[in-house]
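Asker: So that you have it, the file is model_13.cif, and it contains mmCIF, N, CA and C atoms:
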```cif
data_query
loop_
_atom_site.label_atom_id
_atom_site.label_comp_id
_atom_site.auth_asym_id
_atom_site.auth_seq_id
_atom_site.Cartn_x
_atom_site.Cartn_y
_atom_site.Cartn_z
N MET A 1 -13.51 22.90 23.19
CA MET A 1 -13.48 21.64 22.48
C MET A 1 -13.83 21.87 21.02
N LEU A 2 -13.00 21.37 20.13
CA LEU A 2 -13.22 21.50 18.70
C LEU A 2 -13.98 20.28 18.20
N HIS A 3 -15.10 20.51 17.53
CA HIS A 3 -15.85 19.39 16.96
C HIS A 3 -16.28 19.76 15.56
N LEU A 4 -15.80 19.01 14.60
CA LEU A 4 -16.14 19.27 13.20
C LEU A 4 -16.88 18.07 12.63
N PRO A 5 -17.88 18.29 11.79
CA PRO A 5 -18.68 17.19 11.24
C PRO A 5 -18.00 16.48 10.08
N HIS A 6 -16.89 15.80 10.34
CA HIS A 6 -16.15 15.10 9.28
C HIS A 6 -16.51 13.63 9.27
N ARG A 7 -16.19 13.00 8.19
CA ARG A 7 -16.28 11.55 8.09
C ARG A 7 -14.85 11.04 8.07
N THR A 8 -14.53 10.14 8.93
CA THR A 8 -13.20 9.57 8.99
C THR A 8 -13.36 8.07 9.09
N GLY A 9 -12.56 7.32 8.37
CA GLY A 9 -12.67 5.87 8.43
C GLY A 9 -11.30 5.25 8.53
N LEU A 10 -11.21 4.17 9.25
CA LEU A 10 -9.96 3.44 9.36
C LEU A 10 -10.10 2.13 8.61
N VAL A 11 -9.12 1.81 7.82
CA VAL A 11 -9.13 0.60 7.04
C VAL A 11 -7.86 -0.17 7.34
N SER A 12 -7.98 -1.41 7.77
CA SER A 12 -6.78 -2.23 7.99
C SER A 12 -6.60 -3.13 6.78
N TRP A 13 -5.38 -3.35 6.40
CA TRP A 13 -5.10 -4.17 5.22
C TRP A 13 -3.82 -4.93 5.44
N ARG A 14 -3.80 -6.19 5.10
CA ARG A 14 -2.59 -6.99 5.23
C ARG A 14 -1.94 -7.12 3.85
N ILE A 15 -0.68 -6.71 3.76
CA ILE A 15 0.08 -6.86 2.53
C ILE A 15 1.18 -7.86 2.83
N GLU A 16 1.12 -9.00 2.14
CA GLU A 16 2.12 -10.04 2.33
C GLU A 16 2.34 -10.34 3.81
N GLY A 17 1.24 -10.47 4.56
CA GLY A 17 1.31 -10.83 5.96
C GLY A 17 1.56 -9.68 6.91
N ILE A 18 1.77 -8.48 6.38
CA ILE A 18 2.00 -7.31 7.23
C ILE A 18 0.71 -6.51 7.27
N GLU A 19 0.21 -6.26 8.46
CA GLU A 19 -1.00 -5.47 8.57
C GLU A 19 -0.69 -3.99 8.44
N ILE A 20 -1.40 -3.34 7.54
CA ILE A 20 -1.24 -1.91 7.34
C ILE A 20 -2.57 -1.25 7.64
N SER A 21 -2.55 -0.15 8.35
CA SER A 21 -3.77 0.57 8.70
C SER A 21 -3.83 1.89 7.96
N PHE A 22 -5.00 2.16 7.37
CA PHE A 22 -5.22 3.40 6.65
C PHE A 22 -6.24 4.24 7.38
N LEU A 23 -6.04 5.54 7.33
CA LEU A 23 -7.01 6.50 7.83
C LEU A 23 -7.48 7.30 6.63
N VAL A 24 -8.79 7.46 6.50
CA VAL A 24 -9.36 8.26 5.43
C VAL A 24 -10.06 9.45 6.06
N TYR A 25 -9.67 10.65 5.65
CA TYR A 25 -10.25 11.86 6.22
C TYR A 25 -10.79 12.71 5.08
N GLU A 26 -12.09 12.83 5.01
CA GLU A 26 -12.75 13.53 3.91
C GLU A 26 -14.05 14.14 4.42
N GLN A 27 -14.24 15.46 4.20
CA GLN A 27 -15.46 16.13 4.64
C GLN A 27 -16.67 15.76 3.78
N ASN A 28 -16.46 15.66 2.48
CA ASN A 28 -17.56 15.37 1.57
C ASN A 28 -17.93 13.90 1.68
N HIS A 29 -19.15 13.64 2.16
CA HIS A 29 -19.56 12.25 2.42
C HIS A 29 -19.51 11.40 1.15
N ARG A 30 -19.91 11.96 0.03
CA ARG A 30 -19.92 11.19 -1.22
C ARG A 30 -18.50 10.79 -1.63
N ARG A 31 -17.57 11.74 -1.54
CA ARG A 31 -16.17 11.44 -1.88
C ARG A 31 -15.56 10.47 -0.86
N TYR A 32 -15.92 10.64 0.41
CA TYR A 32 -15.43 9.72 1.44
C TYR A 32 -15.88 8.29 1.14
N ARG A 33 -17.16 8.12 0.84
CA ARG A 33 -17.68 6.77 0.56
C ARG A 33 -17.01 6.18 -0.67
N LYS A 34 -16.76 7.00 -1.69
CA LYS A 34 -16.10 6.50 -2.90
C LYS A 34 -14.69 6.03 -2.58
N LEU A 35 -13.93 6.82 -1.85
CA LEU A 35 -12.56 6.43 -1.50
C LEU A 35 -12.56 5.19 -0.61
N GLU A 36 -13.50 5.13 0.32
CA GLU A 36 -13.62 3.96 1.19
C GLU A 36 -13.93 2.70 0.37
N ARG A 37 -14.85 2.81 -0.59
CA ARG A 37 -15.19 1.66 -1.46
C ARG A 37 -13.99 1.25 -2.31
N LEU A 38 -13.27 2.23 -2.86
CA LEU A 38 -12.10 1.91 -3.68
C LEU A 38 -11.03 1.19 -2.85
N LEU A 39 -10.71 1.73 -1.68
CA LEU A 39 -9.71 1.08 -0.82
C LEU A 39 -10.13 -0.33 -0.43
N SER A 40 -11.38 -0.47 0.00
CA SER A 40 -11.88 -1.78 0.42
C SER A 40 -11.86 -2.77 -0.73
N GLY A 41 -12.28 -2.32 -1.92
CA GLY A 41 -12.31 -3.21 -3.09
C GLY A 41 -10.92 -3.67 -3.49
N ILE A 42 -9.98 -2.75 -3.51
CA ILE A 42 -8.60 -3.09 -3.86
C ILE A 42 -8.03 -4.08 -2.84
N CYS A 43 -8.29 -3.83 -1.58
CA CYS A 43 -7.78 -4.72 -0.52
C CYS A 43 -8.43 -6.10 -0.61
N ARG A 44 -9.73 -6.16 -0.86
CA ARG A 44 -10.41 -7.45 -0.99
C ARG A 44 -9.84 -8.25 -2.15
N ARG A 45 -9.61 -7.60 -3.28
CA ARG A 45 -9.03 -8.31 -4.44
C ARG A 45 -7.62 -8.79 -4.14
N ALA A 46 -6.94 -8.12 -3.21
CA ALA A 46 -5.60 -8.55 -2.80
C ALA A 46 -5.67 -9.73 -1.82
N GLY A 47 -6.90 -10.13 -1.47
CA GLY A 47 -7.06 -11.30 -0.62
C GLY A 47 -7.39 -11.03 0.82
N ASP A 48 -7.78 -9.83 1.16
CA ASP A 48 -8.10 -9.53 2.55
C ASP A 48 -9.46 -8.87 2.64
N ASP A 49 -10.29 -9.36 3.54
CA ASP A 49 -11.57 -8.74 3.82
C ASP A 49 -11.29 -7.61 4.81
N VAL A 50 -11.49 -6.40 4.38
CA VAL A 50 -11.04 -5.24 5.12
C VAL A 50 -12.12 -4.69 6.05
N PRO A 51 -11.83 -4.63 7.35
CA PRO A 51 -12.77 -3.97 8.25
C PRO A 51 -12.64 -2.46 8.11
N VAL A 52 -13.76 -1.75 8.17
CA VAL A 52 -13.74 -0.29 8.06
C VAL A 52 -14.37 0.28 9.31
N TYR A 53 -13.69 1.18 9.96
CA TYR A 53 -14.17 1.81 11.18
C TYR A 53 -14.41 3.29 10.91
N ARG A 54 -15.44 3.85 11.49
CA ARG A 54 -15.73 5.27 11.31
C ARG A 54 -15.54 6.03 12.61
N VAL A 55 -14.98 7.21 12.49
CA VAL A 55 -14.82 8.12 13.62
C VAL A 55 -15.34 9.46 13.16
N ASN A 56 -16.23 10.08 13.92
CA ASN A 56 -16.79 11.37 13.54
C ASN A 56 -16.13 12.49 14.31
N GLY A 57 -15.61 13.46 13.61
CA GLY A 57 -15.04 14.64 14.24
C GLY A 57 -13.55 14.53 14.46
N LEU A 58 -12.90 15.68 14.41
CA LEU A 58 -11.46 15.75 14.57
C LEU A 58 -11.00 15.30 15.95
N GLU A 59 -11.72 15.72 16.99
CA GLU A 59 -11.37 15.32 18.36
C GLU A 59 -11.37 13.81 18.52
N GLU A 60 -12.45 13.18 18.06
CA GLU A 60 -12.56 11.73 18.17
C GLU A 60 -11.47 11.04 17.36
N CYS A 61 -11.14 11.59 16.21
CA CYS A 61 -10.08 11.06 15.37
C CYS A 61 -8.75 11.09 16.12
N VAL A 62 -8.44 12.21 16.72
CA VAL A 62 -7.17 12.35 17.46
C VAL A 62 -7.14 11.38 18.65
N ARG A 63 -8.26 11.25 19.37
CA ARG A 63 -8.31 10.30 20.49
C ARG A 63 -8.06 8.88 20.01
N TYR A 64 -8.64 8.52 18.87
CA TYR A 64 -8.45 7.18 18.33
C TYR A 64 -6.99 6.96 17.94
N LEU A 65 -6.39 7.98 17.31
CA LEU A 65 -5.00 7.85 16.87
C LEU A 65 -4.04 7.74 18.05
N GLU A 66 -4.42 8.25 19.20
CA GLU A 66 -3.58 8.12 20.38
C GLU A 66 -3.53 6.68 20.88
N SER A 67 -4.55 5.88 20.54
CA SER A 67 -4.57 4.50 21.02
C SER A 67 -4.28 3.47 19.93
N GLU A 68 -4.28 3.88 18.67
CA GLU A 68 -4.05 2.95 17.56
C GLU A 68 -2.90 3.44 16.68
N TYR A 69 -2.17 2.50 16.08
CA TYR A 69 -1.09 2.87 15.17
C TYR A 69 -1.64 2.92 13.75
N ILE A 70 -1.35 3.99 13.04
CA ILE A 70 -1.78 4.17 11.65
C ILE A 70 -0.54 4.30 10.79
N ASP A 71 -0.52 3.56 9.66
CA ASP A 71 0.62 3.62 8.74
C ASP A 71 0.48 4.72 7.70
N ALA A 72 -0.74 4.88 7.18
CA ALA A 72 -0.94 5.82 6.08
C ALA A 72 -2.29 6.49 6.20
N VAL A 73 -2.33 7.75 5.76
CA VAL A 73 -3.56 8.51 5.83
C VAL A 73 -3.82 9.20 4.50
N PHE A 74 -5.05 9.08 4.02
CA PHE A 74 -5.52 9.82 2.85
C PHE A 74 -6.25 11.04 3.42
N VAL A 75 -5.75 12.24 3.15
CA VAL A 75 -6.29 13.46 3.74
C VAL A 75 -6.85 14.38 2.66
N SER A 76 -8.13 14.72 2.78
CA SER A 76 -8.74 15.68 1.87
C SER A 76 -8.23 17.08 2.19
N LEU A 77 -7.80 17.79 1.16
CA LEU A 77 -7.38 19.17 1.32
C LEU A 77 -8.37 20.12 0.66
N ASP A 78 -9.53 19.62 0.26
CA ASP A 78 -10.56 20.43 -0.39
C ASP A 78 -11.47 21.15 0.59
N ASP A 79 -11.33 20.89 1.87
CA ASP A 79 -12.22 21.47 2.85
C ASP A 79 -11.99 22.98 2.99
N PRO A 80 -13.07 23.76 3.04
CA PRO A 80 -12.92 25.22 3.10
C PRO A 80 -12.35 25.74 4.41
N ASP A 81 -12.46 24.97 5.48
CA ASP A 81 -11.97 25.45 6.78
C ASP A 81 -10.54 25.04 7.08
N GLY A 82 -9.91 24.30 6.18
CA GLY A 82 -8.52 23.92 6.36
C GLY A 82 -8.27 22.82 7.37
N SER A 83 -9.31 22.11 7.79
CA SER A 83 -9.13 21.09 8.82
C SER A 83 -8.30 19.90 8.33
N GLY A 84 -8.32 19.60 7.04
CA GLY A 84 -7.48 18.52 6.51
C GLY A 84 -6.01 18.84 6.65
N LEU A 85 -5.67 20.08 6.37
CA LEU A 85 -4.29 20.51 6.53
C LEU A 85 -3.90 20.54 8.01
N PHE A 86 -4.81 21.01 8.85
CA PHE A 86 -4.57 21.03 10.30
C PHE A 86 -4.34 19.60 10.81
N LEU A 87 -5.18 18.66 10.35
CA LEU A 87 -5.01 17.26 10.75
C LEU A 87 -3.65 16.74 10.28
N SER A 88 -3.26 17.07 9.05
CA SER A 88 -1.97 16.61 8.52
C SER A 88 -0.81 17.12 9.37
N GLU A 89 -0.87 18.39 9.75
CA GLU A 89 0.18 18.95 10.59
C GLU A 89 0.24 18.24 11.94
N SER A 90 -0.93 17.97 12.52
CA SER A 90 -0.98 17.27 13.81
C SER A 90 -0.44 15.86 13.69
N LEU A 91 -0.80 15.17 12.60
CA LEU A 91 -0.33 13.80 12.40
C LEU A 91 1.18 13.76 12.21
N ARG A 92 1.72 14.71 11.44
CA ARG A 92 3.16 14.73 11.19
C ARG A 92 3.92 15.00 12.49
N GLU A 93 3.38 15.86 13.35
CA GLU A 93 4.02 16.12 14.64
C GLU A 93 4.06 14.86 15.49
N ARG A 94 3.02 14.04 15.40
CA ARG A 94 2.93 12.82 16.20
C ARG A 94 3.81 11.70 15.66
N ASP A 95 3.93 11.64 14.31
CA ASP A 95 4.63 10.51 13.71
C ASP A 95 5.32 10.95 12.41
N GLU A 96 6.62 11.05 12.45
CA GLU A 96 7.37 11.49 11.27
C GLU A 96 7.39 10.46 10.15
N SER A 97 7.12 9.19 10.47
CA SER A 97 7.18 8.14 9.44
C SER A 97 5.83 7.84 8.81
N LEU A 98 4.78 8.54 9.23
CA LEU A 98 3.45 8.32 8.69
C LEU A 98 3.39 8.71 7.22
N ALA A 99 2.87 7.82 6.39
CA ALA A 99 2.69 8.14 4.98
C ALA A 99 1.38 8.90 4.83
N MET A 100 1.44 10.09 4.23
CA MET A 100 0.24 10.90 4.04
C MET A 100 0.05 11.13 2.55
N ILE A 101 -1.17 10.89 2.08
CA ILE A 101 -1.52 11.09 0.69
C ILE A 101 -2.58 12.19 0.63
N ALA A 102 -2.28 13.27 -0.08
CA ALA A 102 -3.23 14.37 -0.22
C ALA A 102 -4.30 13.97 -1.22
N VAL A 103 -5.55 14.32 -0.91
CA VAL A 103 -6.67 14.09 -1.82
C VAL A 103 -7.29 15.45 -2.09
N ALA A 104 -7.20 15.92 -3.34
CA ALA A 104 -7.73 17.23 -3.68
C ALA A 104 -8.05 17.28 -5.17
N LYS A 105 -9.16 17.94 -5.50
CA LYS A 105 -9.55 18.09 -6.91
C LYS A 105 -8.63 19.04 -7.64
N THR A 106 -8.13 20.04 -6.93
CA THR A 106 -7.23 21.03 -7.53
C THR A 106 -5.95 21.10 -6.69
N PRO A 107 -4.85 21.51 -7.31
CA PRO A 107 -3.58 21.56 -6.56
C PRO A 107 -3.56 22.69 -5.53
N VAL A 108 -4.03 22.37 -4.35
CA VAL A 108 -4.05 23.34 -3.25
C VAL A 108 -3.00 22.96 -2.22
N HIS A 109 -2.51 23.93 -1.50
CA HIS A 109 -1.57 23.68 -0.40
C HIS A 109 -0.34 22.89 -0.83
N VAL A 110 0.11 23.10 -2.05
CA VAL A 110 1.25 22.35 -2.56
C VAL A 110 2.49 22.58 -1.69
N ALA A 111 2.74 23.83 -1.35
CA ALA A 111 3.92 24.14 -0.51
C ALA A 111 3.83 23.43 0.83
N GLU A 112 2.63 23.41 1.42
CA GLU A 112 2.44 22.75 2.71
C GLU A 112 2.67 21.24 2.58
N CYS A 113 2.21 20.66 1.47
CA CYS A 113 2.41 19.22 1.24
C CYS A 113 3.90 18.89 1.18
N TRP A 114 4.68 19.74 0.53
CA TRP A 114 6.12 19.52 0.46
C TRP A 114 6.74 19.62 1.84
N LYS A 115 6.35 20.66 2.59
CA LYS A 115 6.91 20.85 3.93
C LYS A 115 6.59 19.69 4.86
N LEU A 116 5.38 19.13 4.70
CA LEU A 116 4.95 18.03 5.56
C LEU A 116 5.38 16.67 5.03
N HIS A 117 6.09 16.65 3.90
CA HIS A 117 6.60 15.43 3.30
C HIS A 117 5.49 14.41 3.01
N PHE A 118 4.47 14.87 2.29
CA PHE A 118 3.41 13.95 1.86
C PHE A 118 4.01 12.88 0.95
N SER A 119 3.46 11.68 1.02
CA SER A 119 3.94 10.56 0.22
C SER A 119 3.35 10.55 -1.18
N GLY A 120 2.18 11.19 -1.33
CA GLY A 120 1.53 11.16 -2.64
C GLY A 120 0.44 12.20 -2.74
N TYR A 121 -0.11 12.29 -3.95
CA TYR A 121 -1.16 13.28 -4.23
C TYR A 121 -2.17 12.62 -5.14
N LEU A 122 -3.42 12.63 -4.75
CA LEU A 122 -4.48 11.97 -5.49
C LEU A 122 -5.52 13.01 -5.90
N ASP A 123 -5.58 13.32 -7.21
CA ASP A 123 -6.55 14.32 -7.67
C ASP A 123 -7.73 13.67 -8.38
N ASP A 124 -7.63 12.38 -8.60
CA ASP A 124 -8.70 11.64 -9.28
C ASP A 124 -9.04 10.41 -8.44
N LEU A 125 -10.25 10.37 -7.93
CA LEU A 125 -10.66 9.21 -7.13
C LEU A 125 -11.05 8.07 -8.07
N SER A 126 -10.04 7.40 -8.58
CA SER A 126 -10.26 6.26 -9.47
C SER A 126 -9.51 5.06 -8.89
N GLU A 127 -9.89 3.88 -9.33
CA GLU A 127 -9.20 2.69 -8.85
C GLU A 127 -7.73 2.71 -9.24
N ALA A 128 -7.44 3.17 -10.45
CA ALA A 128 -6.05 3.24 -10.90
C ALA A 128 -5.24 4.22 -10.04
N GLY A 129 -5.82 5.37 -9.72
CA GLY A 129 -5.12 6.36 -8.90
C GLY A 129 -4.85 5.86 -7.50
N VAL A 130 -5.86 5.26 -6.87
CA VAL A 130 -5.71 4.74 -5.50
C VAL A 130 -4.72 3.57 -5.50
N SER A 131 -4.84 2.67 -6.49
CA SER A 131 -3.91 1.54 -6.58
C SER A 131 -2.47 2.01 -6.73
N ASP A 132 -2.28 3.04 -7.57
CA ASP A 132 -0.93 3.58 -7.76
C ASP A 132 -0.37 4.12 -6.46
N GLU A 133 -1.19 4.84 -5.68
CA GLU A 133 -0.72 5.36 -4.39
C GLU A 133 -0.38 4.23 -3.43
N LEU A 134 -1.19 3.17 -3.42
CA LEU A 134 -0.92 2.03 -2.54
C LEU A 134 0.36 1.30 -2.94
N GLU A 135 0.58 1.17 -4.25
CA GLU A 135 1.78 0.48 -4.72
C GLU A 135 3.05 1.26 -4.40
N ASN A 136 2.93 2.58 -4.31
CA ASN A 136 4.09 3.43 -4.05
C ASN A 136 4.13 3.94 -2.63
N LEU A 137 3.38 3.31 -1.76
CA LEU A 137 3.27 3.73 -0.37
C LEU A 137 4.59 3.56 0.35
N ARG A 138 4.98 4.60 1.09
CA ARG A 138 6.18 4.55 1.92
C ARG A 138 5.73 4.65 3.35
N CYS A 139 5.90 3.58 4.11
CA CYS A 139 5.45 3.54 5.51
C CYS A 139 6.59 3.16 6.43
N GLY A 140 6.62 3.80 7.58
CA GLY A 140 7.50 3.42 8.68
C GLY A 140 8.90 3.02 8.26
N SER A 141 9.25 1.75 8.53
CA SER A 141 10.60 1.29 8.27
C SER A 141 10.87 1.08 6.79
N GLN A 142 9.83 1.18 5.93
CA GLN A 142 10.03 1.03 4.50
C GLN A 142 10.63 2.29 3.89
N ILE A 143 10.64 3.40 4.64
CA ILE A 143 11.12 4.67 4.09
C ILE A 143 12.62 4.64 3.95
#
```
Is it possible to express this structure as structure tokens?
Answerer:
Amino acid sequence: MLHLPHRTGLVSWRIEGIEISFLVYEQNHRRYRKLERLLSGICRRAGDDVPVYRVNGLEECVRYLESEYIDAVFVSLDDPDGSGLFLSESLRERDESLAMIAVAKTPVHVAECWKLHFSGYLDDLSEAGVSDELENLRCGSQI
């Protein structure tokens, strides 16, 4: 059994009456909380009070994803053990239409991001950067 001490959060958001679910996967707790606050704040200003759910560990994350539909995932690629990339590969195998946004301070795994058809790349955890990724989000039938 694989168990990694990650922070993962699910954020649901309604855009024009359509519910969209986000998964945030980030090992660094401080960066995870910042991204979670940015997503929640942007969603609240859009008129929706966003529930945030936490799942600890890769195994628990995969079990949750087997029972819930996720439209988009923000995946940290800064982790030294490569679990963000591993999660991205697993998610892409499960759902080809899933929008994945890489979160990394430096351009790492660029070739892998292309191969996995990531929807975006976020190197700056700012409101403008997150908003831009949300505005350009490609999910499911929108692709």
Asker: For atom C of Arg63 in chain A and CA of Met100 in chain A, determine how far apart the two atoms are, in Å to one decimal place.
Answerer: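 Here the two named atoms are 18.1 Å from each other.
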Asker: Find the residues around Tyr69 in chain A up to 9 Å (only C-alpha atoms counted), leave out those fewer than 3 positions away in its own chain, and share them as a ChimeraX atom specification.
Answerer: /A:21,65-66
Asker: Quick one: DSSP strand (DSSP E) residues in range 16-114 of chain A, as a list of chain:residue names?
Answerer: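 Filtering range 16-114 of chain A down to strand (DSSP E) leaves A:Ile18, A:Glu19, A:Ile20, A:Ser21, A:Phe22, A:Leu23, A:Val24, A:Tyr25, A:Glu26, A:Val52, A:Tyr53, A:Arg54, A:Val55, A:Asn56, A:Ala72, A:Val73, A:Phe74, A:Val75, A:Ser76, A:Ala99, A:Met100, A:Ile101, A:Ala102, A:Val103.
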Asker: Just checking: using only C-alpha atoms, which residue out of A:Val103, A:Leu38, A:Leu85, A:Ala128 ends up closest to Lys115 in chain A?
Answerer: A:Leu85
Asker: How many Å lie between atom N of Glu112 in chain A and atom C of Leu77 in chain A, rounded to one decimal?
Answerer: 11.5 Å
Asker: Can you tell me how far CA of Asp124 in chain A sits from CA of Glu93 in chain A, in Å to one decimal?
Answerer: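 The value is 27.5 Å.
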Asker: I need the residue set behind the PyMOL selection byres ((chain A and resi 118) around 6.5) for this file; please write it as a list in words.
Answerer: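 Applied to this file, the PyMOL selection byres ((chain A and resi 118) around 6.5) returns Ala99, Met100, Ile101, Ala102, Cys113, Trp114, Lys115, Leu116, His117, Ser119, Gly120 and Tyr121 of chain A.
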Asker: Set the distance at 9 Å and use only C-alpha atoms: which residues neighbour Pro107 in chain A once local chain neighbours fewer than 3 positions away are removed? I'd like the list as a list in words.
Answerer: Ala104, Val110, Tyr121 and Asp123 of chain A
Asker: What box, with edges along x, y and z, holds each listed atom of range 93-110 of chain A when 5 Å is added on every side, and can you state its centre and edge lengths in Å to one decimal, as AutoDock Vina command-line options?
Answerer:
```
--center_x -1.1 --center_y 15.9 --center_z 4.3 --size_x 26.9 --size_y 26.1 --size_z 33.8
```
Asker: For Arg30 in chain A, which residue out of A:Leu125, A:Ile70, A:Ala111, A:Leu87 is the nearest one, using only C-alpha atoms?
Answerer: A:Leu125
Asker: I need the residues in range 78-117 of chain A that are alpha helix (DSSP H) according to DSSP; give them as a PyMOL selection string.
Answerer: chain A and resi 83-94+110-115
Asker: Write the selection just made, keeping N, CA and C atoms, as an mmCIF file, in the frame of the given file?
Answerer:
```cif
data_model
loop_
_atom_site.group_PDB
_atom_site.id
_atom_site.type_symbol
_atom_site.label_atom_id
_atom_site.label_comp_id
_atom_site.auth_asym_id
_atom_site.auth_seq_id
_atom_site.Cartn_x
_atom_site.Cartn_y
_atom_site.Cartn_z
ATOM 1 N N SER A 83 -9.310 22.110 7.790
ATOM 2 C CA SER A 83 -9.130 21.090 8.820
ATOM 3 C C SER A 83 -8.300 19.900 8.330
ATOM 4 N N GLY A 84 -8.320 19.600 7.040
ATOM 5 C CA GLY A 84 -7.480 18.520 6.510
ATOM 6 C C GLY A 84 -6.010 18.840 6.650
ATOM 7 N N LEU A 85 -5.670 20.080 6.370
ATOM 8 C CA LEU A 85 -4.290 20.510 6.530
ATOM 9 C C LEU A 85 -3.900 20.540 8.010
ATOM 10 N N PHE A 86 -4.810 21.010 8.850
ATOM 11 C CA PHE A 86 -4.570 21.030 10.300
ATOM 12 C C PHE A 86 -4.340 19.600 10.810
ATOM 13 N N LEU A 87 -5.180 18.660 10.350
ATOM 14 C CA LEU A 87 -5.010 17.260 10.750
ATOM 15 C C LEU A 87 -3.650 16.740 10.280
ATOM 16 N N SER A 88 -3.260 17.070 9.050
ATOM 17 C CA SER A 88 -1.970 16.610 8.520
ATOM 18 C C SER A 88 -0.810 17.120 9.370
ATOM 19 N N GLU A 89 -0.870 18.390 9.750
ATOM 20 C CA GLU A 89 0.180 18.950 10.590
ATOM 21 C C GLU A 89 0.240 18.240 11.940
ATOM 22 N N SER A 90 -0.930 17.970 12.520
ATOM 23 C CA SER A 90 -0.980 17.270 13.810
ATOM 24 C C SER A 90 -0.440 15.860 13.690
ATOM 25 N N LEU A 91 -0.800 15.170 12.600
ATOM 26 C CA LEU A 91 -0.330 13.800 12.400
ATOM 27 C C LEU A 91 1.180 13.760 12.210
ATOM 28 N N ARG A 92 1.720 14.710 11.440
ATOM 29 C CA ARG A 92 3.160 14.730 11.190
ATOM 30 C C ARG A 92 3.920 15.000 12.490
ATOM 31 N N GLU A 93 3.380 15.860 13.350
ATOM 32 C CA GLU A 93 4.020 16.120 14.640
ATOM 33 C C GLU A 93 4.060 14.860 15.490
ATOM 34 N N ARG A 94 3.020 14.040 15.400
ATOM 35 C CA ARG A 94 2.930 12.820 16.200
ATOM 36 C C ARG A 94 3.810 11.700 15.660
ATOM 37 N N VAL A 110 0.110 23.100 -2.050
ATOM 38 C CA VAL A 110 1.250 22.350 -2.560
ATOM 39 C C VAL A 110 2.490 22.580 -1.690
ATOM 40 N N ALA A 111 2.740 23.830 -1.350
ATOM 41 C CA ALA A 111 3.920 24.140 -0.510
ATOM 42 C C ALA A 111 3.830 23.430 0.830
ATOM 43 N N GLU A 112 2.630 23.410 1.420
ATOM 44 C CA GLU A 112 2.440 22.750 2.710
ATOM 45 C C GLU A 112 2.670 21.240 2.580
ATOM 46 N N CYS A 113 2.210 20.660 1.470
ATOM 47 C CA CYS A 113 2.410 19.220 1.240
ATOM 48 C C CYS A 113 3.900 18.890 1.180
ATOM 49 N N TRP A 114 4.680 19.740 0.530
ATOM 50 C CA TRP A 114 6.120 19.520 0.460
ATOM 51 C C TRP A 114 6.740 19.620 1.840
ATOM 52 N N LYS A 115 6.350 20.660 2.590
ATOM 53 C CA LYS A 115 6.910 20.850 3.930
ATOM 54 C C LYS A 115 6.590 19.690 4.860
#
```
Asker: Would you kindly return, as a ChimeraX atom specification, each protein, DNA or RNA residue with an atom no farther than 8 Å from any atom of Ser126 in chain A, considering all atoms listed in the file and excluding same-chain residues fewer than 6 positions away?
Answerer: /A:34-35,38,132
